[in-house]
Structures are given as C-alpha cells and as structure tokens.
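Pasted below: input32.pdb, PDB, C-alpha atoms.
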ATOM      1  CA  MET A   1      23.337   8.022   4.806
ATOM      2  CA  GLU A   2      22.584  11.634   5.574
ATOM      3  CA  GLY A   3      20.972  12.577   8.854
ATOM      4  CA  THR A   4      17.420  13.874   8.933
ATOM      5  CA  LYS A   5      16.482  17.326  10.157
ATOM      6  CA  PRO A   6      13.133  18.336  11.605
ATOM      7  CA  ALA A   7      13.043  21.328   9.248
ATOM      8  CA  MET A   8      12.628  19.059   6.258
ATOM      9  CA  TYR A   9       9.246  17.976   7.599
ATOM     10  CA  GLN A  10       7.926  21.388   6.681
ATOM     11  CA  GLY A  11       8.963  21.135   3.027
ATOM     12  CA  GLN A  12       6.330  20.608   0.407
ATOM     13  CA  GLY A  13       6.778  17.691  -1.976
ATOM     14  CA  LEU A  14       9.245  15.761   0.187
ATOM     15  CA  ALA A  15       7.793  12.459  -1.013
ATOM     16  CA  ALA A  16       9.143  13.211  -4.492
ATOM     17  CA  GLN A  17      12.626  12.424  -3.159
ATOM     18  CA  ALA A  18      11.597   8.759  -3.286
ATOM     19  CA  GLY A  19      11.253   8.924  -7.070
ATOM     20  CA  GLU A  20       8.331   7.860  -9.233
ATOM     21  CA  PHE A  21       6.877   4.733 -10.813
ATOM     22  CA  LEU A  22       4.531   4.306 -13.752
ATOM     23  CA  ILE A  23       1.731   1.870 -12.872
ATOM     24  CA  GLY A  24       0.268   0.186 -15.932
ATOM     25  CA  ASN A  25       2.365   2.471 -18.125
ATOM     26  CA  ASP A  26       0.064   5.446 -17.527
ATOM     27  CA  LEU A  27      -0.373   6.169 -13.790
ATOM     28  CA  ARG A  28       2.640   8.128 -12.555
ATOM     29  CA  VAL A  29       2.897   7.955  -8.769
ATOM     30  CA  THR A  30       5.359   8.863  -6.059
ATOM     31  CA  ARG A  31       7.078   5.723  -4.807
ATOM     32  CA  MET A  32       6.338   6.763  -1.236
ATOM     33  CA  GLY A  33       2.622   6.176  -0.838
ATOM     34  CA  PHE A  34       0.219   6.105   2.078
ATOM     35  CA  GLY A  35      -1.863   3.199   3.402
ATOM     36  CA  THR A  36      -5.132   3.954   5.168
ATOM     37  CA  MET A  37      -5.837   0.797   7.169
ATOM     38  CA  ARG A  38      -4.957   2.607  10.411
ATOM     39  CA  LEU A  39      -7.557   5.325   9.793
ATOM     40  CA  THR A  40     -10.196   3.135  11.435
ATOM     41  CA  GLY A  41     -11.065   1.852  14.895
ATOM     42  CA  LYS A  42      -9.549  -1.024  16.833
ATOM     43  CA  GLY A  43      -9.578  -4.288  14.922
ATOM     44  CA  ILE A  44      -9.791  -2.289  11.653
ATOM     45  CA  TRP A  45     -13.423  -1.795  12.610
ATOM     46  CA  GLY A  46     -15.568   1.301  12.885
ATOM     47  CA  GLU A  47     -14.597   4.927  13.297
ATOM     48  CA  PRO A  48     -11.078   6.026  14.246
ATOM     49  CA  ALA A  49     -10.496   7.403  17.727
ATOM     50  CA  ASP A  50      -9.926  10.862  16.194
ATOM     51  CA  ARG A  51     -11.579  11.399  12.817
ATOM     52  CA  VAL A  52     -10.431  15.021  12.641
ATOM     53  CA  GLU A  53      -6.811  13.875  12.952
ATOM     54  CA  ALA A  54      -7.410  11.204  10.295
ATOM     55  CA  VAL A  55      -8.554  13.919   7.890
ATOM     56  CA  ARG A  56      -5.491  16.013   8.790
ATOM     57  CA  VAL A  57      -3.201  13.052   8.093
ATOM     58  CA  LEU A  58      -4.566  12.592   4.585
ATOM     59  CA  ARG A  59      -4.370  16.278   3.742
ATOM     60  CA  ARG A  60      -0.835  16.495   5.089
ATOM     61  CA  ALA A  61       0.153  13.434   3.037
ATOM     62  CA  VAL A  62      -0.892  15.230  -0.129
ATOM     63  CA  GLU A  63       0.900  18.411   0.998
ATOM     64  CA  LEU A  64       4.081  16.366   1.398
ATOM     65  CA  GLY A  65       3.818  15.238  -2.226
ATOM     66  CA  ILE A  66       2.237  11.790  -1.847
ATOM     67  CA  ASN A  67      -0.090  11.059  -4.767
ATOM     68  CA  PHE A  68      -0.642   7.312  -4.226
ATOM     69  CA  ILE A  69      -3.138   6.307  -1.549
ATOM     70  CA  ASP A  70      -4.014   2.681  -0.819
ATOM     71  CA  THR A  71      -7.262   1.627   0.838
ATOM     72  CA  ALA A  72      -9.886  -1.151   0.790
ATOM     73  CA  ASP A  73     -13.627  -1.496   1.218
ATOM     74  CA  SER A  74     -12.937  -3.800   4.194
ATOM     75  CA  TYR A  75     -11.133  -1.121   6.225
ATOM     76  CA  GLY A  76     -13.859  -0.145   8.637
ATOM     77  CA  PRO A  77     -15.594  -1.545   6.597
ATOM     78  CA  GLY A  78     -16.051   1.457   4.331
ATOM     79  CA  VAL A  79     -14.702   3.915   6.883
ATOM     80  CA  SER A  80     -11.290   4.660   5.366
ATOM     81  CA  GLU A  81     -12.786   5.232   1.908
ATOM     82  CA  GLU A  82     -15.325   7.679   3.360
ATOM     83  CA  ILE A  83     -12.589   9.576   5.210
ATOM     84  CA  ILE A  84     -10.469   9.803   2.038
ATOM     85  CA  ALA A  85     -13.376  11.451   0.217
ATOM     86  CA  GLU A  86     -14.109  13.771   3.152
ATOM     87  CA  ALA A  87     -10.489  14.872   3.333
ATOM     88  CA  LEU A  88      -9.501  15.138  -0.309
ATOM     89  CA  HIS A  89     -12.521  15.394  -2.619
ATOM     90  CA  PRO A  90     -12.517  17.059  -5.109
ATOM     91  CA  TYR A  91      -9.275  15.232  -5.751
ATOM     92  CA  PRO A  92      -6.063  16.755  -7.122
ATOM     93  CA  PRO A  93      -5.713  15.786 -10.799
ATOM     94  CA  ASN A  94      -2.641  13.610 -10.237
ATOM     95  CA  LEU A  95      -3.929  11.676  -7.199
ATOM     96  CA  VAL A  96      -4.153   7.891  -7.627
ATOM     97  CA  ILE A  97      -6.410   6.028  -5.221
ATOM     98  CA  ALA A  98      -6.030   2.250  -5.139
ATOM     99  CA  THR A  99      -8.681   0.221  -3.350
ATOM    100  CA  LYS A 100      -9.435  -3.467  -2.861
ATOM    101  CA  GLY A 101     -12.353  -5.873  -2.642
ATOM    102  CA  GLY A 102     -12.768  -9.538  -1.779
ATOM    103  CA  PHE A 103     -13.347  -9.680   1.971
ATOM    104  CA  GLU A 104     -16.443  -9.650   4.153
ATOM    105  CA  ARG A 105     -16.103  -8.256   7.682
ATOM    106  CA  PRO A 106     -18.365  -9.960  10.236
ATOM    107  CA  GLY A 107     -16.651  -8.160  13.125
ATOM    108  CA  PRO A 108     -13.424  -6.590  14.488
ATOM    109  CA  ASP A 109     -10.274  -8.439  13.398
ATOM    110  CA  ARG A 110     -12.407 -10.896  11.395
ATOM    111  CA  TRP A 111     -11.839 -11.341   7.660
ATOM    112  CA  VAL A 112     -13.768 -13.765   5.454
ATOM    113  CA  GLU A 113     -12.844 -14.188   1.794
ATOM    114  CA  ASN A 114     -15.656 -13.680  -0.708
ATOM    115  CA  GLY A 115     -14.632 -13.717  -4.348
ATOM    116  CA  THR A 116     -18.029 -14.338  -5.909
ATOM    117  CA  PRO A 117     -18.700 -12.117  -8.921
ATOM    118  CA  GLN A 118     -21.771 -10.695  -7.170
ATOM    119  CA  HIS A 119     -19.773  -9.670  -4.107
ATOM    120  CA  LEU A 120     -16.917  -8.176  -6.138
ATOM    121  CA  ARG A 121     -19.328  -6.117  -8.249
ATOM    122  CA  SER A 122     -21.112  -4.874  -5.135
ATOM    123  CA  SER A 123     -17.770  -4.086  -3.468
ATOM    124  CA  CYS A 124     -16.495  -2.128  -6.435
ATOM    125  CA  GLU A 125     -19.679  -0.123  -6.807
ATOM    126  CA  GLY A 126     -19.712   0.596  -3.068
ATOM    127  CA  SER A 127     -16.133   1.870  -3.258
ATOM    128  CA  LEU A 128     -17.023   4.111  -6.183
ATOM    129  CA  ARG A 129     -19.841   5.672  -4.166
ATOM    130  CA  ARG A 130     -17.834   6.161  -0.978
ATOM    131  CA  LEU A 131     -14.805   7.551  -2.803
ATOM    132  CA  ARG A 132     -17.017   9.716  -5.055
ATOM    133  CA  LEU A 133     -15.320   8.411  -8.167
ATOM    134  CA  ASP A 134     -16.562   7.411 -11.599
ATOM    135  CA  ARG A 135     -13.613   5.055 -12.063
ATOM    136  CA  ILE A 136     -11.070   3.450  -9.744
ATOM    137  CA  ASP A 137      -7.515   3.782 -11.053
ATOM    138  CA  LEU A 138      -6.246   0.574  -9.443
ATOM    139  CA  TYR A 139      -8.637  -2.075  -8.127
ATOM    140  CA  GLN A 140      -7.012  -4.995  -6.353
ATOM    141  CA  LEU A 141      -8.411  -8.420  -5.552
ATOM    142  CA  HIS A 142      -7.766  -8.426  -1.803
ATOM    143  CA  ARG A 143      -7.394 -12.212  -1.733
ATOM    144  CA  ILE A 144      -7.973 -14.992  -4.223
ATOM    145  CA  ASP A 145     -10.913 -16.864  -2.705
ATOM    146  CA  PRO A 146     -10.132 -20.621  -2.807
ATOM    147  CA  LYS A 147     -13.870 -21.394  -2.803
ATOM    148  CA  VAL A 148     -14.496 -19.630  -6.139
ATOM    149  CA  PRO A 149     -12.847 -20.427  -9.504
ATOM    150  CA  VAL A 150     -10.197 -17.791 -10.140
ATOM    151  CA  GLU A 151     -11.549 -17.326 -13.660
ATOM    152  CA  GLU A 152     -14.837 -16.129 -12.151
ATOM    153  CA  GLN A 153     -13.163 -13.725  -9.736
ATOM    154  CA  LEU A 154     -10.914 -12.116 -12.318
ATOM    155  CA  GLY A 155     -13.622 -12.345 -14.935
ATOM    156  CA  ALA A 156     -15.820 -10.140 -12.728
ATOM    157  CA  LEU A 157     -13.038  -7.546 -12.490
ATOM    158  CA  LYS A 158     -12.414  -7.761 -16.223
ATOM    159  CA  TYR A 159     -16.093  -7.045 -16.833
ATOM    160  CA  LEU A 160     -16.009  -4.051 -14.474
ATOM    161  CA  GLN A 161     -12.944  -2.850 -16.351
ATOM    162  CA  ALA A 162     -14.786  -3.133 -19.660
ATOM    163  CA  GLU A 163     -17.618  -1.073 -18.161
ATOM    164  CA  GLY A 164     -15.139   1.694 -17.324
ATOM    165  CA  LYS A 165     -15.466   1.318 -13.546
ATOM    166  CA  ILE A 166     -11.888   0.053 -13.122
ATOM    167  CA  LYS A 167      -8.798   1.264 -14.978
ATOM    168  CA  HIS A 168      -6.180  -1.264 -13.838
ATOM    169  CA  ILE A 169      -6.321  -4.537 -11.893
ATOM    170  CA  GLY A 170      -3.945  -5.740  -9.197
ATOM    171  CA  LEU A 171      -3.627  -8.712  -6.825
ATOM    172  CA  SER A 172      -2.804  -9.124  -3.141
ATOM    173  CA  GLU A 173      -1.039 -11.912  -1.234
ATOM    174  CA  VAL A 174      -0.270 -14.027  -4.275
ATOM    175  CA  THR A 175       2.435 -16.353  -5.549
ATOM    176  CA  VAL A 176       4.283 -15.971  -8.833
ATOM    177  CA  ARG A 177       2.264 -18.848 -10.206
ATOM    178  CA  GLN A 178      -1.012 -17.156  -9.289
ATOM    179  CA  ILE A 179       0.090 -13.933 -10.979
ATOM    180  CA  GLN A 180       1.006 -15.838 -14.105
ATOM    181  CA  GLN A 181      -2.347 -17.617 -14.120
ATOM    182  CA  ALA A 182      -4.170 -14.319 -13.613
ATOM    183  CA  GLN A 183      -2.290 -12.752 -16.513
ATOM    184  CA  THR A 184      -3.831 -15.319 -18.865
ATOM    185  CA  ILE A 185      -7.259 -13.890 -17.928
ATOM    186  CA  VAL A 186      -6.663 -10.143 -17.591
ATOM    187  CA  PRO A 187      -3.657  -7.780 -17.499
ATOM    188  CA  ILE A 188      -2.217  -7.443 -13.987
ATOM    189  CA  VAL A 189      -0.250  -4.299 -13.096
ATOM    190  CA  SER A 190       0.539  -4.776  -9.393
ATOM    191  CA  ALA A 191       1.011  -7.207  -6.545
ATOM    192  CA  GLN A 192       0.538  -6.280  -2.889
ATOM    193  CA  ASN A 193       2.234  -8.783  -0.578
ATOM    194  CA  ARG A 194       3.537  -8.638   2.980
ATOM    195  CA  TYR A 195       7.182  -7.645   2.807
ATOM    196  CA  SER A 196       9.766  -5.747   4.834
ATOM    197  CA  VAL A 197      13.488  -5.817   5.595
ATOM    198  CA  ALA A 198      12.724  -8.412   8.269
ATOM    199  CA  ASP A 199      10.093 -10.376   6.326
ATOM    200  CA  ARG A 200      11.256 -11.265   2.852
ATOM    201  CA  GLY A 201       9.094 -14.310   2.167
ATOM    202  CA  SER A 202       7.800 -12.698  -1.040
ATOM    203  CA  GLU A 203      11.248 -12.158  -2.530
ATOM    204  CA  ASP A 204      10.378 -14.258  -5.589
ATOM    205  CA  VAL A 205       7.213 -12.241  -6.196
ATOM    206  CA  LEU A 206       9.197  -9.019  -5.956
ATOM    207  CA  ASP A 207      11.759 -10.335  -8.429
ATOM    208  CA  TYR A 208       8.978 -11.324 -10.820
ATOM    209  CA  CYS A 209       7.371  -7.887 -10.542
ATOM    210  CA  GLU A 210      10.710  -6.256 -11.278
ATOM    211  CA  LYS A 211      11.188  -8.451 -14.341
ATOM    212  CA  GLU A 212       7.661  -7.628 -15.580
ATOM    213  CA  ASN A 213       7.837  -3.940 -14.562
ATOM    214  CA  MET A 214       4.834  -4.412 -12.282
ATOM    215  CA  ALA A 215       4.326  -2.405  -9.107
ATOM    216  CA  PHE A 216       5.150  -4.281  -5.910
ATOM    217  CA  ILE A 217       3.264  -2.753  -2.968
ATOM    218  CA  PRO A 218       4.571  -4.091   0.359
ATOM    219  CA  TRP A 219       2.037  -4.138   3.149
ATOM    220  CA  PHE A 220       3.194  -4.328   6.755
ATOM    221  CA  PRO A 221       6.372  -2.491   5.628
ATOM    222  CA  LEU A 222       7.219  -1.609   9.235
ATOM    223  CA  GLY A 223       5.883  -4.761  10.862
ATOM    224  CA  ALA A 224       3.362  -2.625  12.798
ATOM    225  CA  GLY A 225       6.219  -1.281  14.919
ATOM    226  CA  GLN A 226       8.029  -4.586  15.418
ATOM    227  CA  LEU A 227      11.066  -3.250  13.542
ATOM    228  CA  SER A 228      11.484  -0.356  15.933
ATOM    229  CA  GLY A 229      11.198  -1.974  19.379
ATOM    230  CA  GLY A 230      13.529  -0.994  22.175
ATOM    231  CA  ASP A 231      15.900  -3.924  21.674
ATOM    232  CA  SER A 232      15.473  -4.139  17.906
ATOM    233  CA  PRO A 233      18.729  -4.578  15.957
ATOM    234  CA  ILE A 234      17.276  -2.174  13.405
ATOM    235  CA  ARG A 235      17.010   0.441  16.129
ATOM    236  CA  ARG A 236      20.708   0.013  16.858
ATOM    237  CA  VAL A 237      21.603   0.404  13.183
ATOM    238  CA  ALA A 238      19.310   3.395  12.809
ATOM    239  CA  GLY A 239      21.006   5.099  15.731
ATOM    240  CA  GLN A 240      24.356   4.753  14.003
ATOM    241  CA  TRP A 241      22.949   6.202  10.765
ATOM    242  CA  LYS A 242      21.096   9.155  12.313
ATOM    243  CA  GLY A 243      17.627   8.020  11.335
ATOM    244  CA  THR A 244      14.654   6.517  13.125
ATOM    245  CA  PRO A 245      14.028   2.769  12.762
ATOM    246  CA  SER A 246      10.916   3.453  10.686
ATOM    247  CA  GLN A 247      12.821   5.752   8.357
ATOM    248  CA  VAL A 248      15.644   3.272   7.903
ATOM    249  CA  ALA A 249      13.258   0.374   7.214
ATOM    250  CA  LEU A 250      11.371   2.435   4.607
ATOM    251  CA  ALA A 251      14.561   3.727   2.994
ATOM    252  CA  TRP A 252      15.761   0.126   2.685
ATOM    253  CA  LEU A 253      12.573  -0.775   0.800
ATOM    254  CA  LEU A 254      12.959   2.162  -1.570
ATOM    255  CA  ALA A 255      16.550   1.152  -2.278
ATOM    256  CA  ARG A 256      15.728  -2.549  -2.658
ATOM    257  CA  SER A 257      13.933  -2.247  -6.010
ATOM    258  CA  PRO A 258      12.642   0.532  -8.274
ATOM    259  CA  VAL A 259       9.241  -1.207  -8.512
ATOM    260  CA  ILE A 260       8.593  -1.103  -4.751
ATOM    261  CA  LEU A 261       5.938   1.374  -3.614
ATOM    262  CA  PRO A 262       5.915   1.439   0.211
ATOM    263  CA  ILE A 263       2.583   2.461   1.764
ATOM    264  CA  PRO A 264       3.289   3.020   5.479
ATOM    265  CA  GLY A 265       0.136   3.915   7.356
ATOM    266  CA  THR A 266      -0.461   5.924  10.506
ATOM    267  CA  SER A 267      -3.176   7.884  12.283
ATOM    268  CA  SER A 268      -0.748  10.624  13.372
ATOM    269  CA  VAL A 269       0.504  13.607  11.377
ATOM    270  CA  GLU A 270       3.765  13.539  13.327
ATOM    271  CA  HIS A 271       4.398   9.903  12.456
ATOM    272  CA  LEU A 272       3.415  10.543   8.831
ATOM    273  CA  GLU A 273       6.019  13.292   8.545
ATOM    274  CA  GLU A 274       8.660  11.032  10.075
ATOM    275  CA  ASN A 275       7.864   8.271   7.571
ATOM    276  CA  VAL A 276       7.898  10.549   4.533
ATOM    277  CA  ALA A 277      11.280  11.931   5.567
ATOM    278  CA  ALA A 278      12.657   8.458   4.783
ATOM    279  CA  ALA A 279      12.431   9.444   1.113
ATOM    280  CA  ASP A 280      15.480  11.638   1.655
ATOM    281  CA  LEU A 281      17.673   8.846   3.063
ATOM    282  CA  LYS A 282      20.029   7.054   0.698
ATOM    283  CA  PHE A 283      21.722   3.658   0.991
ATOM    284  CA  ASP A 284      24.726   2.132  -0.676
ATOM    285  CA  LYS A 285      25.035  -1.639  -1.141
ATOM    286  CA  ASN A 286      27.089  -2.111   2.008
ATOM    287  CA  LYS A 287      24.520  -0.394   4.185
ATOM    288  CA  MET A 288      21.733  -2.329   2.474
ATOM    289  CA  GLN A 289      23.423  -5.578   3.458
ATOM    290  CA  GLU A 290      24.242  -4.373   6.961
ATOM    291  CA  LEU A 291      20.588  -3.584   7.634
ATOM    292  CA  ALA A 292      19.378  -6.834   6.076
ATOM    293  CA  ASP A 293      21.786  -8.792   8.297
ATOM    294  CA  ALA A 294      20.769  -6.839  11.389
ATOM    295  CA  ALA A 295      17.076  -7.506  10.732
ATOM    296  CA  HIS A 296      17.714 -11.250  10.965
ATOM    297  CA  GLU A 297      19.851 -11.326  14.090
TER     298      GLU A 297
END
In structure tokens, how does this file's structure come out?
Amino acid sequence: MEGTKPAMYQGQGLAAQAGEFLIGNDLRVTRMGFGTMRLTGKGIWGEPADRVEAVRVLRRAVELGINFIDTADSYGPGVSEEIIAEALHPYPPNLVIATKGGFERPGPDRWVENGTPQHLRSSCEGSLRRLRLDRIDLYQLHRIDPKVPVEEQLGALKYLQAEGKIKHIGLSEVTVRQIQQAQTIVPIVSAQNRYSVADRGSEDVLDYCEKENMAFIPWFPLGAGQLSGGDSPIRRVAGQWKGTPSQVALAWLLARSPVILPIPGTSSVEHLEENVAAADLKFDKNKMQELADAAHE
C-alpha cells in the first residue's frame, strides 16, 4: 500500500480514486461518500457546535469529488438537511443526496420507530422542503417498524415514488429475508447496515447486495473512532502501512466489495480530508486478510 502525502489533500476530485457505482442503474456516484450525522449537536440533537465549520465540511467534500451525501430527517432532527441546503444549494448537477425517514426524536440520543404511512409521508415532504428538492434521489426507510405491517410502510414509499417525490427506495438495518420481502412490494436499490472491518455481522447482507448489484452503505464504518484507539491492533497495522487507522479501515471497505459505498462522517475539514485520502490506498488480498485478522485480535 502506498503511503499518503499531505499534498494530496489539496487535489480536487480525490474521491474519484475510490471508483464509482451506479445506484438503481441510473445514479452514478463516487464510492467514497459522506455521512452527515455528525453535523449536529450532542446526542444527534440540535445545532452543531460550529455551524460555519459544518458548512465548510460539506463544501470541501464536494471540492474533493464526493457526489454522494447521506443524511436523515432524524439527524437534529432536521438540522443536517438544513445545513446541506445552506452549504450546497443550488446543487451541482451530479450530486446525489440520500435521506431517510422512519424515526421520531423525543430527545437527545432517543430514537423511536414510526413507520406509519402518515409519518413517512410527512417525513418525506419535510425532507423535500429542508433540502429544497422536488425529488429525493434515494429515500431510505430508516428502520422497519415492527408495530406497522411492512406492506403499509413500503406501500407509503411506493406511493410517494409514484407521485415523483422519490426516485429510488432503500432500506436500513435489515436482514436478507427482509430485503427479499420488500422486493416483492417495491424495487429496492440499497441497504444501509452497520458494518466495518471489525464488525462484520452483516456479511450475508453484503453478499446478497453484491449478487443483486445493490448498493451496500455501511454506517459506523470507523466504529466512531473505536478502530483507531491508542492500543488498537488496526493502529499498529496502519503504522506499518504508512496510513492512519481511519484511512486503512476505509480502504479495506472499498477493497472488500465493489458495491460498498462508505459514508464516513465528521464535523472537521481536516478529518474529512484524511478520510477521503483513503481512496488512494490500495490493498492486495494478503493485506486485506492481515487487517481483518488484526481487527479481531
């Protein structure tokens, strides 16, 4: 694996080194995306500590070539979507914004599933207003609500799709069986599950997405810093390979499957640039296995 150089952070379009993926056969995105959950206050609640920096992060992400941004109405709630619009509207023609609905937020760090058709319609229309969009390219059901028949939840999204308010539909935190059931109701183009080099519980979902040529969007791709702690085995491996732990963990994801679209999030331009530089790191099979083994020491 080649070492990284600070100079590369200045280059425009660095994210393109990660390659591209075609979501739903018509949305071409860079495989290195950006997740906006961290552009909010503590507990994913309220305003970020530095809104000006949050705007800078989003603009710098686009400068670096990222054209896939993931958000949700529950981040804030509403805050991250508003900041995206403030930073980037009017949007570049190739920018794909994916958002999600299906949670209520009664307070910081509190998440309550609500998959009723009424709530999903209200969530979608609220996202459209905040993002200043006429149509959302990728709308994801944030969770399947066990209290509501899945046919009603996906039926609501299918209806919004028919109205032209949603282009494509995705799911989050699902099993293979749930994806298959959903596909009998409406076409599904993506799955967003927790996944990283150290947390591969969704391996079967990833394999299914690869087989079906569906996007697999890993959330928590860096374990919120857990992969880069002072005594982390990944940190030791990264030191040997001349990369930061975050870069190595992201490069592993990019090498793991061509359908993976990592969306590391941050509230810092410096950290953003470090993450995007992972697109330039390359693994062979031996190094892939070495890192996977180290992550489970």
**Request:** State, in Å with one decimal place, the distance from atom CA of Val96 of chain A to atom CA of Gln17 of chain A.
**Result:** 17.9 Å
**Item:** Matched chain/residue IDs from the PyMOL selection byres ((chain A and resi 195) around 12), as a count of residues only
**Value:** 36
**Message:** For this structure, which residues satisfy the selection - the PyMOL selection byres ((chain A and resi 37) around 8) - when it is evaluated on the file as given? I want them as a PyMOL selection string.
**Reply:** chain A and resi 35-36+38-40+44+71-72+75+80+265
**Complete:** Closest of A:Asp70, A:Asp50, A:Glu152, A:Glu212 to Phe34 of chain A, counting all atoms listed in the file, is A:Asp70
Run the PyMOL selection byres ((chain A and resi 32) around 8) against the file shown and list the residues it catches, as a tab-separated table (two decimals) with C-alpha atoms, keeping the file's coordinate frame.
chain	number	residue	atom	x	y	z
A	15	ALA	CA	7.79	12.46	-1.01
A	16	ALA	CA	9.14	13.21	-4.49
A	18	ALA	CA	11.60	8.76	-3.29
A	19	GLY	CA	11.25	8.92	-7.07
A	30	THR	CA	5.36	8.86	-6.06
A	31	ARG	CA	7.08	5.72	-4.81
A	33	GLY	CA	2.62	6.18	-0.84
A	34	PHE	CA	0.22	6.10	2.08
A	66	ILE	CA	2.24	11.79	-1.85
A	68	PHE	CA	-0.64	7.31	-4.23
A	261	LEU	CA	5.94	1.37	-3.61
A	262	PRO	CA	5.92	1.44	0.21
A	263	ILE	CA	2.58	2.46	1.76
A	276	VAL	CA	7.90	10.55	4.53
A	279	ALA	CA	12.43	9.44	1.11
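Going from atom CA of Ala49 of chain A to atom CA of Asn275 of chain A covers 21.0 Å.
Within the 8 Å cut-off around Pro187 of chain A, using only C-alpha atoms and omitting residues fewer than 5 positions from it on the same chain, the listed residues are His168, Ile169 and Ala182 of chain A.
Atom CA of Arg105 of chain A is positioned 18.5 Å from atom CA of Gln153 of chain A.
Between Ala292 of chain A and the residues A:Leu272, A:Ala277, A:Ala156, A:Val248, the shortest atom-to-atom distance, using all atoms listed in the file, involves A:Val248.
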Edge lengths and centre in Å, axis-aligned, segment 144-153 of chain A plus 8 Å each side, as JSON:
{"center_x": -11.4, "center_y": -17.6, "center_z": -8.2, "size_x": 22.9, "size_y": 23.7, "size_z": 27.0}
**Item:** Selection: 12 Å around Tyr159 of chain A, only C-alpha atoms, excl. self and same-chain fewer than 3 positions, as a PyMOL selection string
**Value:** chain A and resi 117-118+120-121+124+151-156+162-169+185-186
**Request:** Choose the residue, out of A:Thr116, A:Thr266, A:Ser123, A:Asn286, that has the smallest atom-to-atom separation from Leu58 of chain A; count only C-alpha atoms.
**Result:** A:Thr266
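For the residues A:Ile69, A:Pro245, A:Lys42, A:Leu138, ranking by smallest atom-to-atom distance to Arg110 of chain A using only C-alpha atoms places A:Lys42 first.
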